[in-house]
Amino acid sequence: MAMKQSTGKRIGVTVLAWVVAFLIFFPILWTFITSFKSELDAIAMPPKFLFFNWTLENYFAVQERSNYLKFAYNSIVLSIGANVFGLLIAVPAAWSMAFAPGKRTKDLLMWMLSTKMMPAVGALVPIYLLFRDLHLLDSLFGVGVVLLLINLPLLIWMLYTYFKEIPVDILEAARMDGASLLNEILYVLTPMAVPGIASTMLLAVILSWNEAFWTLNLTTSNAAPLPAFIASYSAPEGFFWAKLSAASTLAIAPILILGWFSQKQLVRGLTFGAVK
Amino acid sequence: MKVLVKGLLGAGAFAGFALPAYAETTLTIGTVNNDNMITMQKLTDDFTKANPDIKLNWVTLEENVLRQKVTTDIATKGGQFDVLTIGTYEAPIWAKKGWLVPLDKLGADYDVDDLLPAIRAGLSYDGKLYAAPFYGESSFIMYRKDLMEKAGLTMPDKPTWEFIRQAADKMTDKAAGVYGICLRGKPGWGENMAFLSATANSFGARWFDEKWEPQFNSPEWKNTLDFYVSLMKADGPPGASSNGFNENLALFSDGKCGMWIDATVAGGFVTNPAKSKVADKVGFALAPDAGLGKRGNWLWSWALAVPAGSNKVDAAEKFIAWATSKHYLDYVASKNGWADVPPGTRTSLYKNPDYLKAAPFAQMTLDSINSADPTHPTVKPVPYTGVQFVAIPEFQGIGEDVGQDFSAALAGSMTVDAALAKAQASTEAAMKKAGYIK
Amino acid sequence: MATQQTTTAGRVLVAPSVILLFVWMIVPLVMTLYFSSLRYSLLDPDNVSFVGLQNYTAFLTDPDFLTALYNTLVLVISVLIISVCGGILVALLMDQPVFGQNVLRLMVIAPFFVIPTVSALVWKNLLMNPDSGLFAWIARSLGFDPIVWFTNWPMLSVIVIVSWEWLPFASLILLTALQSLDEEQKEAASLDGAGPISYFGYIVLPHIARAITVVILIETIFLLSVFAEIYVTTAGGPGNATTNIPFLVYKQALLNFDIGGASAGGIIAVILANIVAFFLVRIIGRNLEG
């Protein structure tokens, strides 16, 4: 199917792919364009696509009002920090569940996922009281721990499925050759697992980046990440489209850049052709 | 990528360490992201220059997020805020609980008696002021003078609901995208219920009788809701059941509404040529009545308060005194012009000819605020205070439920009678659970 | 297959996660269970008393409860179907060697990068608004009446927004799985002259079955707790047309500030979610093996 394609078909597929991608991307593009409009242009009807007075006033307004870099810094520290530590815990667990499964492995996996099922808002007050007593309110450490814990089941799950893709016969072969457990992990498993780990990490970072319940409710100012920055631009009395769009663009930008750089890892995923 | 991350890390670290380097009082101020508060945030140099030992740390959030954060924090004594921005709804309830510090050290030149009496009454408990008003609002009618003229009508200063219906019918021209009237429909105790509770007052309805029995089974409520639903069906914009303040503001500013009944702060938006296409065509009138002695306007103010148990009370009161003073109003005017001054708090502002000239809606705002009486909001007697809300802790939840029923009635997915019956049942259950009805 | 050494090592390696997650589960759970037996209003915190199961009966007999349960299931199932089917198609398309593939892929996963609150605000006001939204403009330009999304099709509107947010996730995972399909397998299939449909049915689908399972399980967990999108767009209305279980719990917790009631609601939600998960695993769980 992928091999013998006529040029016509190829062009067709290309056009189709671009149209689909454009439609999916459009709301974000629209937000981006809106961020350069005046508030009145943002709600104008018929909509203004490209021909309007492009302005940077929204970005200046945002810049003047809030310390974007501080919010972005907190977001980066929280989402990367929490998930790096998360990986350190999750990789060994997922590894052993994939390659040395016990009778209860599946139940264990299910149970882990079920810890995510409590609606966050139902547990807010208990956690808030706990944080107050432990003096963790508005601290990066406190929110970081929460983010780590809510992402941990997801990390384990995704890693588990990626690891499952690794052909067991390779490991068997390595064991026959007398490789120790450490060597097995270091020289056989790791190179094959890196893409899976990378894409898991990226997804988890994105989820932490967008987590807006715990980050909003457990921080005030010192540890407040970008969702709090967004919340200071959404839904005031009066027009806010253009400014919210500018703030959103700023909030998405770092993660989009990260996405761009890890793009290859992200979609290449696990291709074992080279290893085999 | 690495360079970028390093840059961000460096900048963030700098911002993080710059703050606690001085030995001084830092006030964490939680506030709403409305324009007047943003202006205050920009103008704080005036305060910090006079008080170099006080640092201000702003936490600006949208209204609902701020409310849930602030309430959680004060109720659990989390101590995250030194100055809170709260509304007329919270102030008396929290003061009663002993959660707020009475503001009795605002200084000799603060002139408490200059505060508008209705606003001051809404923020006081037991005769003491517990929150200082930063800005105050009521609701009134904004209408298009040109469309009114085209319809061959003249808006009286004190219109009746019957007149509003006639005018709306005549102004509506759906083919041209003009709707005679825009009203709130999005469910929420501060959204459609603010409008509908105030409107119900003017129709002679009330939330509860003297024994806290809900009154949605009364003919007055049925009249209110019948009128609202049929008016909006005939003359309102499509999708009104998800329109709140901002959606209606967008419609009105874009020239799509003949009339709009909403908060008086909107006057500043719709008359600003940078924000409104119809800036020079807007007239104002008092909220309508039904000849029963009450008008359908509400009363609200955003006010600054200090949580009990704070160890920075003196600094906090100093800041509040500054932010709600006459001096602050003058200062905003000197920087941004009179139109930008936070409205609705002080009598003296409405005697200032410069302000009256810059704000065409000023007189009508003052009249609206003065005609609202939070202590006697309804035609028949009630056991509660509050115009567009009932000042009991349970109201937020009850108001939200009833708001959903009424927005369903507006959307047409439920009849008016069914919505009222459902509201009656759910409110009764909630009041029983809370112990008001034995 | 597993030697004694690896089994022991396995236990040691799993332990930290299990212990951490156990603590994270048990502490809030015990606290929530405790609070759920109290009459505890955050607005009246000095007046706390034990009420037994009263909070549970109140939550379960709430006339909105059954509707909310139904709405929750409708939302979860619809979004699952749309995002998985759509995700397969998008993944197949993105797997083709086309011009500008890298840019395309980034565009397709970009919606996942947007904070849900912002997505909902953008969709509601810039796209779906019946008066000034882009869709209304398109409809009018083509001579149709604009759809009044949130009034006439409230649940569908929420489903559209949430599906848009989760389509990229499904596409990404499925694309990753697709790419591990052997070139040899592909070649063999094309040599056999298999048509695209039988190629998809016999080779592609079995290959990505596990990935689909993972997408369904993970998405279900997140979809069961969709809240921000509803809160921003319809506030659960009109009526209770878009009220789901998390929104019901939210009303208890942060509007009523009834911590007892909210805790009971939370516990009930956990039980319901576990029932859903139990059936899910029975239905599709065997795909996880092998």
# chains A, B, ... in the order shown; residues from 1 in each chain; ligands from 1

call {"tool": "interface_residues", "arguments": {"of": "chain C", "to": "chain A", "cutoff": "7 Å", "atoms": "only C-alpha atoms", "output": "count of residues only"}}
result
51

call {"tool": "interface_residues", "arguments": {"of": "chain A", "to": "chain B", "cutoff": "10 Å", "atoms": "only C-alpha atoms", "output": "PyMOL selection string"}}
result
chain A and resi 38-41+43-45+64-74+76-77+124-125+128-129+131-133+135+137-138+213+216-224+228-240+254+257-258+261

call {"tool": "write_last_selection", "arguments": {"atoms": "C-alpha atoms", "output": "mmCIF file, in the first residue's frame"}}
result
data_model
loop_
_atom_site.group_PDB
_atom_site.id
_atom_site.type_symbol
_atom_site.label_atom_id
_atom_site.label_comp_id
_atom_site.auth_asym_id
_atom_site.auth_seq_id
_atom_site.Cartn_x
_atom_site.Cartn_y
_atom_site.Cartn_z
ATOM 1 C CA SER A 38 -7.477 44.864 18.873
ATOM 2 C CA GLU A 39 -10.275 43.726 21.197
ATOM 3 C CA LEU A 40 -12.875 45.165 18.855
ATOM 4 C CA ASP A 41 -11.439 43.423 15.797
ATOM 5 C CA ILE A 43 -15.245 40.060 17.876
ATOM 6 C CA ALA A 44 -15.815 41.700 14.488
ATOM 7 C CA MET A 45 -18.363 40.152 12.134
ATOM 8 C CA GLU A 64 3.288 45.096 31.737
ATOM 9 C CA ARG A 65 0.845 43.303 33.977
ATOM 10 C CA SER A 66 2.348 39.994 34.913
ATOM 11 C CA ASN A 67 5.713 38.454 35.402
ATOM 12 C CA TYR A 68 5.407 35.893 32.621
ATOM 13 C CA LEU A 69 8.909 34.529 33.117
ATOM 14 C CA LYS A 70 8.214 33.637 36.703
ATOM 15 C CA PHE A 71 5.088 31.692 35.787
ATOM 16 C CA ALA A 72 6.906 29.990 32.902
ATOM 17 C CA TYR A 73 9.836 29.144 35.180
ATOM 18 C CA ASN A 74 7.499 27.532 37.696
ATOM 19 C CA ILE A 76 9.057 24.288 33.572
ATOM 20 C CA VAL A 77 10.419 23.329 36.971
ATOM 21 C CA LEU A 124 -9.595 19.205 47.501
ATOM 22 C CA VAL A 125 -10.373 20.058 51.089
ATOM 23 C CA TYR A 128 -5.708 21.455 51.332
ATOM 24 C CA LEU A 129 -5.876 20.787 55.072
ATOM 25 C CA PHE A 131 -0.897 20.866 52.857
ATOM 26 C CA ARG A 132 -1.707 23.612 55.333
ATOM 27 C CA ASP A 133 -0.494 21.512 58.228
ATOM 28 C CA HIS A 135 3.342 24.018 55.295
ATOM 29 C CA LEU A 137 0.813 25.477 50.353
ATOM 30 C CA ASP A 138 2.289 27.606 47.574
ATOM 31 C CA PHE A 213 -6.967 22.205 39.174
ATOM 32 C CA LEU A 216 -4.489 26.692 40.794
ATOM 33 C CA ASN A 217 -5.797 25.617 44.147
ATOM 34 C CA LEU A 218 -2.566 24.734 45.929
ATOM 35 C CA THR A 219 -0.479 27.719 44.847
ATOM 36 C CA THR A 220 -0.874 31.433 45.400
ATOM 37 C CA SER A 221 2.052 33.325 43.947
ATOM 38 C CA ASN A 222 5.519 31.924 44.651
ATOM 39 C CA ALA A 223 4.835 28.550 43.072
ATOM 40 C CA ALA A 224 2.082 29.566 40.654
ATOM 41 C CA ALA A 228 -2.651 30.764 37.115
ATOM 42 C CA PHE A 229 -1.256 33.191 34.554
ATOM 43 C CA ILE A 230 -4.081 32.200 32.192
ATOM 44 C CA ALA A 231 -6.660 32.547 34.948
ATOM 45 C CA SER A 232 -5.695 36.174 35.387
ATOM 46 C CA TYR A 233 -6.689 36.858 31.763
ATOM 47 C CA SER A 234 -9.790 34.763 31.319
ATOM 48 C CA ALA A 235 -13.307 36.100 31.760
ATOM 49 C CA PRO A 236 -12.934 39.524 33.366
ATOM 50 C CA GLU A 237 -15.763 42.039 33.027
ATOM 51 C CA GLY A 238 -15.273 43.329 29.502
ATOM 52 C CA PHE A 239 -13.564 42.130 26.347
ATOM 53 C CA PHE A 240 -10.668 39.825 26.807
ATOM 54 C CA PRO A 254 7.406 26.815 25.428
ATOM 55 C CA ILE A 257 8.931 24.428 21.131
ATOM 56 C CA LEU A 258 9.655 21.427 23.309
ATOM 57 C CA PHE A 261 12.472 19.514 19.296
#

call {"tool": "interface_residues", "arguments": {"of": "chain B", "to": "chain C", "cutoff": "6 Å", "atoms": "only C-alpha atoms", "output": "list in words"}}
result
Ala75, Gly239, Glu394, Gln396, Gly397, Gln404, Asp405, Ser407, Ala408 and Ala411 of chain B

call {"tool": "write_last_selection", "arguments": {"atoms": "C-alpha atoms", "output": "PDB file, in the first residue's frame"}}
result
ATOM      1  CA  ALA B  75     -12.446  28.750  55.927  1.00  0.00           C
ATOM      2  CA  GLY B 239     -28.511  31.076  22.099  1.00  0.00           C
ATOM      3  CA  GLU B 394     -26.223  28.099  51.265  1.00  0.00           C
ATOM      4  CA  GLN B 396     -24.467  29.886  46.067  1.00  0.00           C
ATOM      5  CA  GLY B 397     -25.428  26.241  45.687  1.00  0.00           C
ATOM      6  CA  GLN B 404     -29.881  25.870  35.671  1.00  0.00           C
ATOM      7  CA  ASP B 405     -33.645  25.281  35.770  1.00  0.00           C
ATOM      8  CA  SER B 407     -31.838  28.630  31.767  1.00  0.00           C
ATOM      9  CA  ALA B 408     -33.531  25.406  30.650  1.00  0.00           C
ATOM     10  CA  ALA B 411     -33.674  27.329  26.129  1.00  0.00           C
TER      11      ALA B 411
END

call {"tool": "residues_around", "arguments": {"residues": "Ile392 of chain B", "least_positions_apart": "3", "cutoff": "8 Å", "atoms": "only C-alpha atoms", "output": "PDB file with C-alpha atoms, in the first residue's frame"}}
result
ATOM      1  CA  ILE B  93     -21.654  36.320  56.050  1.00  0.00           C
ATOM      2  CA  TYR B 384     -32.943  37.952  54.452  1.00  0.00           C
ATOM      3  CA  PHE B 395     -27.292  30.540  48.544  1.00  0.00           C
TER       4      PHE B 395
END

call {"tool": "select_by_dssp", "arguments": {"residues": "segment 49-183 of chain A", "states": "helix (DSSP H, G or I)", "output": "PyMOL selection string"}}
result
chain A and resi 57-65+68-99+105-114+120-133+140-165+168-176+181-183

call {"tool": "write_last_selection", "arguments": {"atoms": "C-alpha atoms", "output": "CSV table (one decimal), in the first residue's frame"}}
result
chain,number,residue,atom,x,y,z
A,57,GLU,CA,-0.5,45.9,22.1
A,58,ASN,CA,-1.8,42.7,23.8
A,59,TYR,CA,1.6,41.4,24.3
A,60,PHE,CA,2.8,44.7,25.8
A,61,ALA,CA,-0.3,44.7,28.0
A,62,VAL,CA,0.4,41.2,29.2
A,63,GLN,CA,4.1,42.0,29.7
A,64,GLU,CA,3.3,45.1,31.7
A,65,ARG,CA,0.8,43.3,34.0
A,68,TYR,CA,5.4,35.9,32.6
A,69,LEU,CA,8.9,34.5,33.1
A,70,LYS,CA,8.2,33.6,36.7
A,71,PHE,CA,5.1,31.7,35.8
A,72,ALA,CA,6.9,30.0,32.9
A,73,TYR,CA,9.8,29.1,35.2
A,74,ASN,CA,7.5,27.5,37.7
A,75,SER,CA,5.8,25.6,34.9
A,76,ILE,CA,9.1,24.3,33.6
A,77,VAL,CA,10.4,23.3,37.0
A,78,LEU,CA,7.2,21.7,38.0
A,79,SER,CA,6.4,19.7,34.8
A,80,ILE,CA,9.9,18.6,34.1
A,81,GLY,CA,11.0,18.1,37.7
A,82,ALA,CA,7.9,16.1,38.7
A,83,ASN,CA,8.2,13.9,35.6
A,84,VAL,CA,11.9,13.2,35.8
A,85,PHE,CA,11.5,12.0,39.3
A,86,GLY,CA,8.3,10.2,38.1
A,87,LEU,CA,10.3,8.4,35.5
A,88,LEU,CA,13.0,7.3,38.0
A,89,ILE,CA,10.2,5.5,39.9
A,90,ALA,CA,8.1,4.4,36.9
A,91,VAL,CA,10.8,2.9,34.6
A,92,PRO,CA,11.9,0.1,37.0
A,93,ALA,CA,8.3,-0.7,37.8
A,94,ALA,CA,7.2,-0.8,34.2
A,95,TRP,CA,10.3,-2.8,33.3
A,96,SER,CA,9.6,-5.5,35.8
A,97,MET,CA,5.9,-5.6,35.1
A,98,ALA,CA,6.7,-6.0,31.4
A,99,PHE,CA,9.5,-8.6,31.6
A,105,THR,CA,0.5,-7.7,37.4
A,106,LYS,CA,-2.6,-6.9,35.5
A,107,ASP,CA,-4.6,-6.3,38.7
A,108,LEU,CA,-1.8,-4.1,39.9
A,109,LEU,CA,-1.8,-2.1,36.7
A,110,MET,CA,-5.6,-1.6,36.9
A,111,TRP,CA,-5.3,-0.6,40.5
A,112,MET,CA,-2.8,2.0,39.7
A,113,LEU,CA,-5.0,3.5,37.1
A,114,SER,CA,-7.9,3.5,39.5
A,120,ALA,CA,-10.0,16.0,42.1
A,121,VAL,CA,-12.5,18.4,43.5
A,122,GLY,CA,-13.9,15.8,45.9
A,123,ALA,CA,-10.5,15.5,47.6
A,124,LEU,CA,-9.6,19.2,47.5
A,125,VAL,CA,-10.4,20.1,51.1
A,126,PRO,CA,-8.7,17.0,52.6
A,127,ILE,CA,-5.5,17.7,50.6
A,128,TYR,CA,-5.7,21.5,51.3
A,129,LEU,CA,-5.9,20.8,55.1
A,130,LEU,CA,-3.0,18.3,54.8
A,131,PHE,CA,-0.9,20.9,52.9
A,132,ARG,CA,-1.7,23.6,55.3
A,133,ASP,CA,-0.5,21.5,58.2
A,140,LEU,CA,7.0,24.1,44.3
A,141,PHE,CA,7.8,21.0,46.2
A,142,GLY,CA,4.3,20.4,47.3
A,143,VAL,CA,2.6,20.9,44.0
A,144,GLY,CA,5.5,19.0,42.3
A,145,VAL,CA,4.8,15.9,44.5
A,146,VAL,CA,1.1,16.1,43.6
A,147,LEU,CA,1.8,16.3,39.9
A,148,LEU,CA,4.2,13.4,40.2
A,149,LEU,CA,1.7,11.3,41.9
A,150,ILE,CA,-1.2,12.0,39.5
A,151,ASN,CA,1.0,11.3,36.5
A,152,LEU,CA,2.7,8.2,37.9
A,153,PRO,CA,0.0,5.7,36.9
A,154,LEU,CA,0.0,7.1,33.4
A,155,LEU,CA,3.8,7.0,33.2
A,156,ILE,CA,3.8,3.3,34.3
A,157,TRP,CA,1.1,2.4,31.9
A,158,MET,CA,2.6,4.0,28.8
A,159,LEU,CA,6.1,2.7,29.6
A,160,TYR,CA,4.6,-0.8,30.2
A,161,THR,CA,3.0,-0.8,26.8
A,162,TYR,CA,6.1,0.4,25.1
A,163,PHE,CA,8.3,-2.2,26.9
A,164,LYS,CA,5.8,-4.9,25.9
A,165,GLU,CA,6.7,-4.1,22.3
A,168,VAL,CA,11.5,-10.9,24.4
A,169,ASP,CA,13.7,-13.1,22.3
A,170,ILE,CA,16.4,-10.4,22.3
A,171,LEU,CA,16.4,-10.5,26.0
A,172,GLU,CA,16.5,-14.2,26.1
A,173,ALA,CA,19.4,-14.2,23.7
A,174,ALA,CA,21.3,-11.7,25.9
A,175,ARG,CA,20.6,-13.9,28.9
A,176,MET,CA,21.9,-17.0,27.1
A,181,LEU,CA,20.8,-8.1,34.8
A,182,LEU,CA,22.6,-4.7,34.9
A,183,ASN,CA,24.1,-5.3,31.5
